[in-house]
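Participant: Here you go, this is query.cif (mmCIF, C-alpha atoms).
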```cif
data_start
#
loop_
_atom_site.label_atom_id
_atom_site.label_comp_id
_atom_site.auth_asym_id
_atom_site.auth_seq_id
_atom_site.Cartn_x
_atom_site.Cartn_y
_atom_site.Cartn_z
CA MET A 1 35.18 -27.29 12.69
CA PRO A 2 37.04 -24.53 14.57
CA LEU A 3 35.24 -21.22 14.74
CA GLU A 4 36.96 -18.84 12.33
CA HIS A 5 34.59 -15.85 12.30
CA ALA A 6 36.79 -13.00 13.54
CA GLY A 7 33.85 -10.96 14.79
CA LEU A 8 32.34 -13.83 16.77
CA LEU A 9 35.72 -14.76 18.19
CA LYS A 10 35.97 -11.19 19.46
CA GLU A 11 32.45 -11.40 20.89
CA LEU A 12 33.34 -14.61 22.70
CA GLU A 13 36.04 -12.70 24.56
CA TYR A 14 33.23 -10.85 26.35
CA ILE A 15 31.90 -14.12 27.73
CA THR A 16 34.10 -14.54 30.75
CA LYS A 17 32.44 -17.46 32.45
CA PRO A 18 34.44 -20.48 31.20
CA PHE A 19 31.51 -22.88 30.99
CA GLU A 20 29.42 -20.38 29.04
CA ASN A 21 32.27 -19.55 26.72
CA LYS A 22 32.99 -23.21 26.07
CA HIS A 23 29.34 -24.03 25.52
CA ILE A 24 28.64 -21.21 23.09
CA ARG A 25 31.89 -21.74 21.23
CA SER A 26 31.03 -25.42 20.77
CA LEU A 27 27.59 -24.49 19.43
CA PHE A 28 29.11 -22.23 16.80
CA GLU A 29 31.71 -24.83 15.89
CA ASP A 30 28.89 -27.15 14.93
CA THR A 31 27.11 -24.66 12.70
CA ASP A 32 27.53 -23.22 9.23
CA PRO A 33 29.59 -20.06 8.60
CA ASN A 34 26.52 -18.47 7.01
CA MET A 35 24.78 -18.73 10.38
CA HIS A 36 27.79 -17.11 12.04
CA ASP A 37 27.32 -14.12 9.77
CA ILE A 38 23.67 -13.79 10.78
CA ALA A 39 24.46 -14.15 14.47
CA TYR A 40 27.21 -11.56 14.29
CA ALA A 41 25.06 -9.05 12.39
CA LEU A 42 22.34 -9.47 15.01
CA ILE A 43 24.80 -8.93 17.86
CA LYS A 44 25.97 -5.73 16.17
CA GLY A 45 22.35 -4.65 15.70
CA ASP A 46 22.67 -4.40 11.92
CA ASN A 47 19.06 -5.03 10.90
CA ASN A 48 19.71 -4.44 7.20
CA GLU A 49 22.45 -7.04 7.19
CA VAL A 50 20.34 -9.55 9.14
CA ASP A 51 17.54 -8.96 6.64
CA ARG A 52 19.85 -9.55 3.69
CA LEU A 53 21.66 -12.55 5.15
CA THR A 54 18.45 -14.27 6.25
CA ALA A 55 16.91 -13.86 2.80
CA LYS A 56 20.07 -15.19 1.22
CA ALA A 57 20.24 -18.15 3.60
CA LEU A 58 16.69 -19.14 2.68
CA GLU A 59 17.59 -18.90 -0.98
CA ASP A 60 20.55 -21.13 -0.27
CA ASP A 61 18.18 -23.74 1.16
CA PHE A 62 18.96 -23.36 4.82
CA SER A 63 15.86 -24.32 6.75
CA ALA A 64 13.90 -21.74 8.73
CA ASN A 65 14.62 -23.79 11.86
CA THR A 66 18.35 -23.68 11.27
CA ILE A 67 18.37 -19.94 10.60
CA MET A 68 16.36 -19.32 13.73
CA ASP A 69 18.44 -21.57 16.00
CA ASP A 70 21.95 -21.23 14.65
CA GLY A 71 21.75 -17.64 13.48
CA LEU A 72 19.17 -15.48 15.19
CA ILE A 73 18.81 -17.11 18.60
CA ALA A 74 22.51 -17.91 18.85
CA GLY A 75 23.24 -14.23 18.34
CA MET A 76 20.58 -13.13 20.80
CA ALA A 77 22.02 -15.48 23.42
CA ILE A 78 25.29 -13.57 23.29
CA VAL A 79 23.41 -10.28 23.45
CA GLY A 80 21.71 -11.48 26.62
CA ILE A 81 25.00 -12.41 28.24
CA LYS A 82 26.64 -9.11 27.29
CA PHE A 83 23.67 -7.25 28.76
CA ARG A 84 23.74 -9.26 31.95
CA ASP A 85 27.44 -8.51 32.35
CA ASN A 86 27.02 -4.74 31.72
CA ILE A 87 28.98 -4.80 28.47
CA ILE A 88 25.99 -3.39 26.63
CA PHE A 89 22.83 -1.68 27.86
CA VAL A 90 19.13 -1.44 27.08
CA PRO A 91 19.41 0.61 23.85
CA GLU A 92 21.84 -1.90 22.36
CA VAL A 93 19.58 -4.80 23.35
CA LEU A 94 16.64 -3.14 21.62
CA ILE A 95 18.70 -2.53 18.48
CA SER A 96 19.58 -6.21 18.38
CA ALA A 97 15.91 -7.04 18.95
CA ARG A 98 15.09 -4.91 15.92
CA ALA A 99 17.63 -6.91 13.92
CA MET A 100 16.03 -10.10 15.18
CA LYS A 101 12.70 -8.86 13.91
CA ALA A 102 14.23 -8.24 10.48
CA GLY A 103 15.30 -11.87 10.33
CA MET A 104 12.09 -13.24 11.74
CA ALA A 105 10.15 -11.32 9.10
CA HIS A 106 11.47 -13.91 6.65
CA VAL A 107 11.06 -16.90 8.93
CA GLU A 108 7.54 -16.30 10.24
CA PRO A 109 5.70 -16.59 6.90
CA ILE A 110 7.41 -19.92 6.35
CA MET A 111 6.17 -21.06 9.73
CA SER A 112 2.69 -19.86 8.86
CA ALA A 113 2.81 -21.68 5.55
CA SER A 114 3.55 -24.82 7.52
CA GLY A 115 0.52 -24.37 9.73
CA ILE A 116 2.31 -22.71 12.64
CA ASP A 117 0.31 -19.58 13.28
CA PRO A 118 1.26 -16.75 15.62
CA ILE A 119 -0.25 -16.88 19.10
CA GLY A 120 -2.08 -13.68 18.30
CA THR A 121 -1.80 -10.15 17.02
CA VAL A 122 -1.11 -7.29 19.40
CA ILE A 123 -1.15 -3.54 18.81
CA MET A 124 1.21 -1.63 21.08
CA GLY A 125 1.74 2.07 21.62
CA THR A 126 2.50 4.79 24.15
CA VAL A 127 -0.53 7.02 24.69
CA LYS A 128 -1.02 10.53 23.39
CA GLY A 129 1.23 13.11 25.01
CA ASP A 130 3.78 10.58 26.23
CA LEU A 131 7.18 10.06 24.57
CA HIS A 132 8.54 7.35 26.86
CA ASP A 133 8.96 4.08 25.07
CA ILE A 134 11.60 1.88 26.68
CA GLY A 135 9.12 -0.19 28.66
CA LYS A 136 6.83 -0.58 25.68
CA ASN A 137 9.74 -1.60 23.48
CA LEU A 138 10.84 -4.23 25.95
CA CYS A 139 7.29 -5.58 26.05
CA ILE A 140 7.24 -5.73 22.27
CA MET A 141 10.53 -7.61 22.23
CA MET A 142 9.15 -10.10 24.74
CA LEU A 143 5.84 -10.51 22.91
CA ARG A 144 7.57 -11.21 19.62
CA GLY A 145 9.85 -13.67 21.35
CA ALA A 146 6.80 -15.45 22.68
CA GLY A 147 5.32 -15.85 19.20
CA PHE A 148 3.00 -12.87 18.89
CA VAL A 149 2.76 -10.63 15.86
CA VAL A 150 3.15 -7.10 17.19
CA HIS A 151 2.43 -3.83 15.43
CA ASP A 152 4.20 -0.96 17.15
CA LEU A 153 2.53 2.44 16.86
CA GLY A 154 5.38 4.18 18.65
CA VAL A 155 4.90 7.08 21.04
CA ASP A 156 2.34 9.89 21.36
CA THR A 157 -0.39 7.70 19.87
CA LYS A 158 -3.84 9.18 19.41
CA PRO A 159 -6.97 7.13 20.19
CA GLU A 160 -7.98 7.07 16.53
CA GLU A 161 -4.57 5.67 15.61
CA PHE A 162 -5.09 2.80 18.04
CA ILE A 163 -8.54 2.18 16.59
CA ASP A 164 -7.32 2.26 12.99
CA ALA A 165 -4.52 -0.19 13.77
CA VAL A 166 -6.78 -2.64 15.59
CA VAL A 167 -9.23 -2.65 12.69
CA GLU A 168 -6.55 -2.81 10.00
CA HIS A 169 -4.68 -5.72 11.55
CA GLY A 170 -7.63 -7.49 13.14
CA ALA A 171 -5.76 -7.49 16.43
CA GLY A 172 -7.21 -9.34 19.37
CA VAL A 173 -5.19 -7.43 21.94
CA LEU A 174 -4.23 -3.79 22.39
CA GLY A 175 -1.49 -2.75 24.79
CA MET A 176 -1.12 0.84 25.94
CA SER A 177 1.78 2.28 27.88
CA ALA A 178 2.24 5.52 29.83
CA LEU A 179 4.99 6.73 32.08
CA LEU A 180 3.55 10.08 33.11
CA THR A 181 0.75 10.53 35.57
CA THR A 182 -0.43 13.40 33.35
CA THR A 183 -0.90 11.12 30.34
CA MET A 184 -2.36 8.13 32.18
CA PRO A 185 -5.93 9.45 31.73
CA ASN A 186 -5.43 9.16 27.96
CA MET A 187 -5.59 5.42 28.44
CA GLY A 188 -9.15 5.80 29.67
CA ARG A 189 -9.96 8.23 26.86
CA THR A 190 -8.69 5.72 24.32
CA ILE A 191 -10.84 3.00 25.80
CA GLU A 192 -13.81 5.36 25.64
CA ALA A 193 -13.04 5.98 21.98
CA PHE A 194 -13.27 2.25 21.31
CA GLU A 195 -16.63 2.24 23.09
CA ASP A 196 -17.84 5.19 21.04
CA GLU A 197 -16.88 3.38 17.84
CA GLY A 198 -18.68 0.22 18.95
CA LEU A 199 -15.43 -1.73 18.93
CA ARG A 200 -14.81 -2.25 22.62
CA ASP A 201 -16.01 -5.84 22.56
CA LYS A 202 -13.81 -6.63 19.55
CA VAL A 203 -10.50 -6.20 21.32
CA LYS A 204 -9.04 -6.89 24.72
CA ILE A 205 -7.09 -4.01 26.19
CA MET A 206 -4.14 -4.23 28.57
CA LEU A 207 -2.30 -1.38 30.25
CA GLY A 208 1.20 -0.91 31.60
CA GLY A 209 3.81 1.62 32.62
CA ALA A 210 5.60 2.66 35.77
CA PRO A 211 2.74 4.65 37.40
CA VAL A 212 -0.03 2.29 36.24
CA THR A 213 -1.53 -0.11 38.74
CA GLN A 214 -4.01 -2.95 38.62
CA GLU A 215 -6.55 -0.72 40.32
CA PHE A 216 -6.06 2.08 37.80
CA ALA A 217 -6.40 -0.37 34.91
CA GLU A 218 -9.65 -1.64 36.32
CA ASP A 219 -10.93 1.90 36.87
CA MET A 220 -10.16 2.73 33.24
CA GLY A 221 -12.11 -0.30 32.09
CA ALA A 222 -9.14 -2.28 30.80
CA ASP A 223 -9.13 -6.06 30.58
CA GLY A 224 -5.67 -6.52 32.00
CA TYR A 225 -2.58 -4.99 33.53
CA GLY A 226 1.07 -5.96 33.28
CA GLU A 227 3.57 -4.82 35.88
CA ASN A 228 6.56 -5.59 33.67
CA ALA A 229 7.45 -7.11 30.31
CA ILE A 230 7.08 -10.67 31.50
CA ALA A 231 3.68 -9.93 33.01
CA CYS A 232 2.73 -8.24 29.75
CA VAL A 233 3.35 -11.45 27.83
CA ASP A 234 1.51 -13.52 30.40
CA MET A 235 -1.45 -11.16 30.21
CA ALA A 236 -1.48 -11.16 26.41
CA LYS A 237 -1.46 -14.95 26.40
CA LEU A 238 -4.28 -14.99 28.90
CA LEU A 239 -6.36 -12.56 26.87
CA VAL A 240 -5.80 -14.40 23.62
CA GLY A 241 -6.34 -17.79 25.18
CA ARG A 242 -9.51 -16.75 26.88
CA TYR A 243 -11.07 -14.77 24.12
CA GLY A 244 -9.25 -15.75 20.91
CA ALA A 245 -8.03 -13.46 18.19
CA VAL A 246 -10.49 -11.31 16.33
CA PRO A 247 -10.56 -12.04 12.61
CA ALA A 248 -9.98 -8.95 10.50
CA GLU A 249 -13.38 -9.09 8.86
CA SER A 250 -15.26 -9.13 12.17
CA ALA A 251 -13.58 -5.91 13.22
CA ASP A 252 -15.10 -4.03 10.31
CA MET B 1 31.76 -13.98 4.73
CA VAL B 2 31.65 -17.38 3.07
CA GLU B 3 29.91 -17.27 -0.29
CA ARG B 4 27.98 -20.32 -1.30
CA PRO B 5 26.71 -21.14 -4.77
CA ARG B 6 23.03 -20.48 -5.21
CA PRO B 7 21.28 -23.85 -5.56
CA ALA B 8 19.26 -24.53 -8.64
CA SER B 9 16.13 -25.04 -6.57
CA ALA B 10 16.11 -21.36 -5.64
CA GLN B 11 16.59 -20.06 -9.13
CA CYS B 12 13.71 -18.87 -11.25
CA ARG B 13 12.65 -21.22 -13.99
CA ASN B 14 10.39 -18.61 -15.49
CA LEU B 15 12.66 -16.71 -17.85
CA SER B 16 10.15 -13.88 -18.16
CA CYS B 17 10.58 -13.05 -14.48
CA ASN B 18 13.40 -10.54 -14.55
CA GLU B 19 13.10 -9.58 -10.90
CA VAL B 20 14.01 -12.99 -9.67
CA ALA B 21 16.51 -13.69 -12.41
CA ALA B 22 18.27 -10.47 -11.45
CA GLY B 23 18.17 -11.40 -7.79
CA GLU B 24 16.20 -8.32 -6.79
CA GLY B 25 13.83 -8.08 -3.86
CA THR B 26 13.46 -10.35 -0.88
CA VAL B 27 12.29 -13.93 -0.88
CA LEU B 28 8.91 -12.81 0.36
CA SER B 29 8.44 -10.02 -2.12
CA ARG B 30 9.16 -12.49 -4.86
CA LEU B 31 6.15 -14.49 -3.79
CA TYR B 32 4.12 -11.76 -5.39
CA LEU B 33 6.34 -11.34 -8.40
CA CYS B 34 6.76 -14.73 -9.94
CA ARG B 35 4.33 -17.61 -10.06
CA GLY B 36 7.04 -20.16 -10.75
CA VAL B 37 9.09 -19.11 -7.78
CA ARG B 38 5.98 -18.88 -5.62
CA VAL B 39 5.35 -22.56 -6.22
CA ALA B 40 9.00 -23.51 -5.70
CA ILE B 41 9.40 -21.54 -2.50
CA GLY B 42 5.98 -22.53 -1.26
CA GLU B 43 6.92 -26.18 -1.53
CA ARG B 44 10.14 -25.57 0.33
CA MET B 45 8.29 -23.60 3.00
CA ALA B 46 6.05 -26.53 3.76
CA GLN B 47 8.86 -29.07 3.72
CA SER B 48 11.50 -27.37 5.78
CA VAL B 49 9.77 -26.67 9.08
CA ASP B 50 10.03 -28.85 12.13
CA LYS B 51 7.19 -27.71 14.39
CA GLU B 52 8.54 -29.22 17.59
CA ARG B 53 11.94 -27.70 16.95
CA TYR B 54 10.29 -24.35 16.30
CA GLU B 55 8.41 -24.50 19.58
CA ALA B 56 11.61 -25.40 21.40
CA SER B 57 13.32 -22.46 19.69
CA LEU B 58 10.59 -20.08 20.82
CA ALA B 59 10.89 -21.40 24.36
CA ARG B 60 14.65 -20.82 24.31
CA LEU B 61 14.20 -17.34 22.90
CA TYR B 62 11.64 -16.55 25.55
CA ASP B 63 14.08 -17.68 28.24
CA ILE B 64 16.72 -15.33 26.83
CA PHE B 65 14.27 -12.42 26.78
CA ARG B 66 13.03 -13.23 30.28
CA ASP B 67 16.60 -13.06 31.57
CA ILE B 68 17.03 -9.76 29.74
CA SER B 69 13.84 -8.43 31.31
CA ASP B 70 15.05 -9.46 34.76
CA THR B 71 18.35 -7.69 34.13
CA VAL B 72 16.52 -4.55 33.00
CA THR B 73 14.74 -4.43 36.33
CA VAL B 74 18.05 -4.49 38.18
CA VAL B 75 20.09 -2.23 35.91
CA SER B 76 17.36 0.41 35.65
CA GLN B 77 17.58 1.02 39.39
CA ARG B 78 20.81 2.91 38.84
CA ARG B 79 21.32 3.54 35.12
CA CYS B 80 18.88 5.33 32.84
CA PRO B 81 17.56 2.81 30.28
CA TYR B 82 17.83 5.41 27.54
CA LYS B 83 21.59 5.77 28.07
CA ASN B 84 23.52 3.66 25.59
CA VAL B 85 26.88 2.01 25.88
CA GLU B 86 28.61 5.17 24.64
CA ASP B 87 26.85 7.25 27.32
CA ARG B 88 24.65 8.89 24.70
CA CYS B 89 20.96 9.58 25.24
CA THR B 90 18.49 7.71 23.02
CA ALA B 91 15.36 9.32 24.50
CA GLU B 92 12.93 11.23 22.29
CA PHE B 93 12.13 13.59 25.15
CA GLY B 94 14.13 16.22 26.96
CA CYS B 95 16.25 15.55 30.03
CA ARG B 96 18.39 17.91 32.09
CA ASN B 97 21.22 15.41 31.89
CA GLN B 98 21.46 15.86 28.13
CA ASP B 99 24.57 17.72 26.96
CA ARG B 100 23.34 19.08 23.65
CA THR B 101 26.64 20.55 22.51
CA VAL B 102 27.13 17.87 19.91
CA PRO B 103 27.23 18.02 16.11
CA ALA B 104 23.85 17.93 14.38
CA GLY B 105 22.53 14.43 13.97
CA GLU B 106 24.49 13.00 16.87
CA LEU B 107 22.85 11.71 20.01
CA TYR B 108 23.12 13.98 23.03
CA ILE B 109 25.73 13.09 25.61
CA CYS B 110 24.30 11.84 28.90
CA THR B 111 25.91 13.59 31.83
CA GLY B 112 23.85 11.79 34.45
CA SER B 113 25.51 10.04 37.32
CA ASP B 114 24.62 6.40 37.74
CA ASP B 115 24.73 6.96 41.48
CA ILE B 116 21.51 8.99 41.72
CA ASP B 117 17.96 8.56 40.51
CA TYR B 118 17.90 9.75 36.91
CA ARG B 119 14.14 10.10 36.62
CA GLY B 120 14.08 13.46 38.38
CA ALA B 121 15.98 14.97 35.44
CA TRP B 122 13.46 13.91 32.82
CA GLU B 123 11.65 16.93 31.36
CA LEU B 124 8.05 15.83 31.26
#
```
So that I can check it, write out the structure of this file as structure tokens.
Facilitator:
Amino acid sequence: MPLEHAGLLKELEYITKPFENKHIRSLFEDTDPNMHDIAYALIKGDNNEVDRLTAKALEDDFSANTIMDDGLIAGMAIVGIKFRDNIIFVPEVLISARAMKAGMAHVEPIMSASGIDPIGTVIMGTVKGDLHDIGKNLCIMMLRGAGFVVHDLGVDTKPEEFIDAVVEHGAGVLGMSALLTTTMPNMGRTIEAFEDEGLRDKVKIMLGGAPVTQEFAEDMGADGYGENAIACVDMAKLLVGRYGAVPAESAD
Amino acid sequence: MVERPRPASAQCRNLSCNEVAAGEGTVLSRLYLCRGVRVAIGERMAQSVDKERYEASLARLYDIFRDISDTVTVVSQRRCPYKNVEDRCTAEFGCRNQDRTVPAGELYICTGSDDIDYRGAWEL
């Protein structure tokens, strides 16, 4: 069936490589118009619309697999191409990632109900005194894409906020980010706070951020360090695979 | 947008459940609102998932995000990652490249050149 979604047809104009354009167009031509709506809302970063359309699609008996493939991932594929070709930039990518999360919030419980559990639960935040969050947000996007449940504490996060979140969500991994050399020591102070609360052995801690190094992470007593978003995911997988997730009740 | 009729399987059979009958709330919130719907949706949840397809989907999504991450590394060498497509600043912190003469509620205009290192302008 020819693609008739005006918004997607416009988006396809941004895809200038003929083989990519042909491939993506053919994928949409094979899928339902309801999925086109989800993909387009995701591309535009409209998380409320993705939330609404995903819920409606499930009510209309579209499978979680179909919504994920033909709606959410199809839209994100176009986002990736537009970013690669400098048509959009990091903030727009992150807005689309937020929309993806809104859709996945409906899909993930269905996966869980079918016995497909998340890889693990990760708490992420930028340390106290630091307002830089782009790197952290990219890590969160990557972690969610890899199948982790991530709770984002945002920026300027106090040690006690990290502790509360780890306990509340029973997270097996905590990721802290800092961009400033002046706030980097707060990573160590947060780790000390976990030790003081007797929780250090309940959670694995990984660090990241432009000025952070493997050596610094080791000095602070962290369990891992990620140089970039991909390394962050690899480290989180390693920490979860090696140690397993901490059940919520054992973190009490 | 193409409107499709709501299938009977998704409709509430419990007439006392006004929330679902009125179409309010999300699918998930309804799990806690209506026992009848909880059973109906729960059955559909278990039936509709292809695990191998899901894993393949995650792998594809990860590939997309990995490419995005690689692009970030390149683009961020010359363009501030907080600068959006409209050349507005999305940072929560101050920067000397921010032109703050904008109406209240609007993002500051980024005046930074993409030819020089932007990090020196960040107000730490």
Participant: Would you compute, for all listed atoms of range 6-18 of chain A, the axis-aligned bounding box grown by 4 Å on each side, and then report its centre and edge lengths in Å rounded to one decimal, as AutoDock Vina command-line options?
Facilitator:
```
--center_x 34.3 --center_y -15.7 --center_z 23.0 --size_x 12.9 --size_y 17.6 --size_z 26.9
```
Participant: Using all atoms listed in the file, find the one residue out of A:Lys204, A:Lys44, A:Lys101, A:Arg52 that sits nearest to Val149 in chain A.
Facilitator: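 When distances to Val149 in chain A are compared using all atoms listed in the file, the smallest one comes from A:Lys101.
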Participant: List as CSV every residue of chain A that is in contact with chain B, defined as an atom at most 7 Å from one of its atoms (using all atoms listed in the file), together with the nearest atom pair and the distance in Å rounded to one decimal, sorted by chain and then rising number.
Facilitator:
```
residue,atom,partner,partner_atom,distance
A:Pro33,CA,B:Val2,CA,6.5
A:Asn34,CA,B:Val2,CA,6.6
A:Asp37,CA,B:Met1,CA,6.7
A:Ala55,CA,B:Val27,CA,5.9
A:Glu59,CA,B:Ala10,CA,5.5
A:Asp60,CA,B:Arg6,CA,5.6
A:Ser63,CA,B:Ser48,CA,5.4
A:Ala64,CA,B:Val49,CA,6.4
A:Asn65,CA,B:Tyr54,CA,6.2
A:Asp69,CA,B:Ser57,CA,6.4
A:Ile73,CA,B:Leu61,CA,6.3
A:Ala77,CA,B:Ile64,CA,6.3
A:Gly80,CA,B:Ile68,CA,5.9
A:Arg84,CA,B:Thr71,CA,6.0
A:Ile88,CA,B:Val85,CA,5.5
A:Phe89,CA,B:Val85,CA,5.8
A:Val90,CA,B:Pro81,CA,5.5
A:Pro91,CA,B:Asn84,CA,5.4
A:Glu92,CA,B:Asn84,CA,6.6
A:His106,CA,B:Leu28,CA,6.9
A:Ile110,CA,B:Met45,CA,5.1
A:Met111,CA,B:Val49,CA,6.7
A:Ala113,CA,B:Ala46,CA,6.1
A:Ser114,CA,B:Ala46,CA,4.8
A:Leu131,CA,B:Phe93,CA,6.1
A:Met142,CA,B:Phe65,CA,6.0
A:Gly145,CA,B:Tyr62,CA,5.4
A:Ala146,CA,B:Tyr62,CA,5.7
A:Gly147,CA,B:Leu58,CA,6.9
A:Ala229,CA,B:Ser69,CA,6.6
A:Ile230,CA,B:Arg66,CA,6.6
```
Participant: Neighbouring residues of Thr54 in chain A were defined as those with any atom within 9 Å, considering all atoms listed in the file; residues of the same chain fewer than 5 positions away were excluded. Please report them as an mmCIF file with C-alpha atoms, keeping the file's coordinate frame.
Facilitator:
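As written to disk, out_8.cif reads:
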```
data_model
loop_
_atom_site.group_PDB
_atom_site.id
_atom_site.type_symbol
_atom_site.label_atom_id
_atom_site.label_comp_id
_atom_site.auth_asym_id
_atom_site.auth_seq_id
_atom_site.Cartn_x
_atom_site.Cartn_y
_atom_site.Cartn_z
ATOM 1 C CA MET A 35 24.780 -18.730 10.380
ATOM 2 C CA ILE A 38 23.670 -13.790 10.780
ATOM 3 C CA GLU A 49 22.450 -7.040 7.190
ATOM 4 C CA GLU A 59 17.590 -18.900 -0.980
ATOM 5 C CA ILE A 67 18.370 -19.940 10.600
ATOM 6 C CA GLY A 71 21.750 -17.640 13.480
ATOM 7 C CA ALA A 102 14.230 -8.240 10.480
ATOM 8 C CA GLY A 103 15.300 -11.870 10.330
ATOM 9 C CA MET A 104 12.090 -13.240 11.740
ATOM 10 C CA HIS A 106 11.470 -13.910 6.650
ATOM 11 C CA VAL A 107 11.060 -16.900 8.930
#
```
Participant: Record the distance separating CA of Ala74 in chain A and CA of Lys56 in chain A, expressed in Å with one decimal.
Facilitator: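 Atom-to-atom, CA of Ala74 in chain A to CA of Lys56 in chain A, that is 18.0 Å.
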Participant: Provide range 102-108 of chain B rebuilt to all heavy atoms, formatted as an mmCIF file, keeping the file's coordinate frame.
Facilitator:
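Saved file selection-v4.cif follows:
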```
data_model
loop_
_atom_site.group_PDB
_atom_site.id
_atom_site.type_symbol
_atom_site.label_atom_id
_atom_site.label_comp_id
_atom_site.auth_asym_id
_atom_site.auth_seq_id
_atom_site.Cartn_x
_atom_site.Cartn_y
_atom_site.Cartn_z
ATOM 1 N N VAL B 102 26.573 18.893 20.792
ATOM 2 C CA VAL B 102 27.130 17.870 19.910
ATOM 3 C C VAL B 102 26.793 18.248 18.467
ATOM 4 O O VAL B 102 25.854 19.015 18.228
ATOM 5 C CB VAL B 102 26.532 16.468 20.226
ATOM 6 C CG1 VAL B 102 26.924 16.028 21.617
ATOM 7 C CG2 VAL B 102 25.016 16.477 20.067
ATOM 8 N N PRO B 103 27.540 17.735 17.513
ATOM 9 C CA PRO B 103 27.230 18.020 16.110
ATOM 10 C C PRO B 103 25.819 17.568 15.756
ATOM 11 O O PRO B 103 25.295 16.605 16.332
ATOM 12 C CB PRO B 103 28.275 17.208 15.347
ATOM 13 C CG PRO B 103 29.400 17.026 16.316
ATOM 14 C CD PRO B 103 28.764 16.929 17.660
ATOM 15 N N ALA B 104 25.211 18.277 14.812
ATOM 16 C CA ALA B 104 23.850 17.930 14.380
ATOM 17 C C ALA B 104 23.790 16.473 13.935
ATOM 18 O O ALA B 104 24.684 15.990 13.235
ATOM 19 C CB ALA B 104 23.439 18.851 13.229
ATOM 20 N N GLY B 105 22.719 15.825 14.356
ATOM 21 C CA GLY B 105 22.530 14.430 13.970
ATOM 22 C C GLY B 105 23.098 13.434 14.961
ATOM 23 O O GLY B 105 22.770 12.250 14.909
ATOM 24 N N GLU B 106 23.944 13.904 15.855
ATOM 25 C CA GLU B 106 24.490 13.000 16.870
ATOM 26 C C GLU B 106 23.582 12.944 18.089
ATOM 27 O O GLU B 106 22.891 13.913 18.397
ATOM 28 C CB GLU B 106 25.888 13.462 17.312
ATOM 29 C CG GLU B 106 26.987 13.107 16.341
ATOM 30 C CD GLU B 106 28.360 13.309 16.952
ATOM 31 O OE1 GLU B 106 28.463 13.464 18.186
ATOM 32 O OE2 GLU B 106 29.328 13.347 16.173
ATOM 33 N N LEU B 107 23.609 11.840 18.765
ATOM 34 C CA LEU B 107 22.850 11.710 20.010
ATOM 35 C C LEU B 107 23.477 12.598 21.076
ATOM 36 O O LEU B 107 24.700 12.754 21.132
ATOM 37 C CB LEU B 107 22.848 10.258 20.482
ATOM 38 C CG LEU B 107 22.115 9.245 19.602
ATOM 39 C CD1 LEU B 107 22.374 7.826 20.114
ATOM 40 C CD2 LEU B 107 20.619 9.522 19.575
ATOM 41 N N TYR B 108 22.613 13.154 21.928
ATOM 42 C CA TYR B 108 23.120 13.980 23.030
ATOM 43 C C TYR B 108 23.954 13.116 23.979
ATOM 44 O O TYR B 108 23.695 11.926 24.155
ATOM 45 C CB TYR B 108 21.963 14.606 23.807
ATOM 46 C CG TYR B 108 21.094 15.535 22.998
ATOM 47 C CD1 TYR B 108 19.715 15.571 23.191
ATOM 48 C CD2 TYR B 108 21.646 16.392 22.045
ATOM 49 C CE1 TYR B 108 18.910 16.418 22.453
ATOM 50 C CE2 TYR B 108 20.846 17.245 21.312
ATOM 51 C CZ TYR B 108 19.483 17.254 21.507
ATOM 52 O OH TYR B 108 18.689 18.090 20.775
#
```
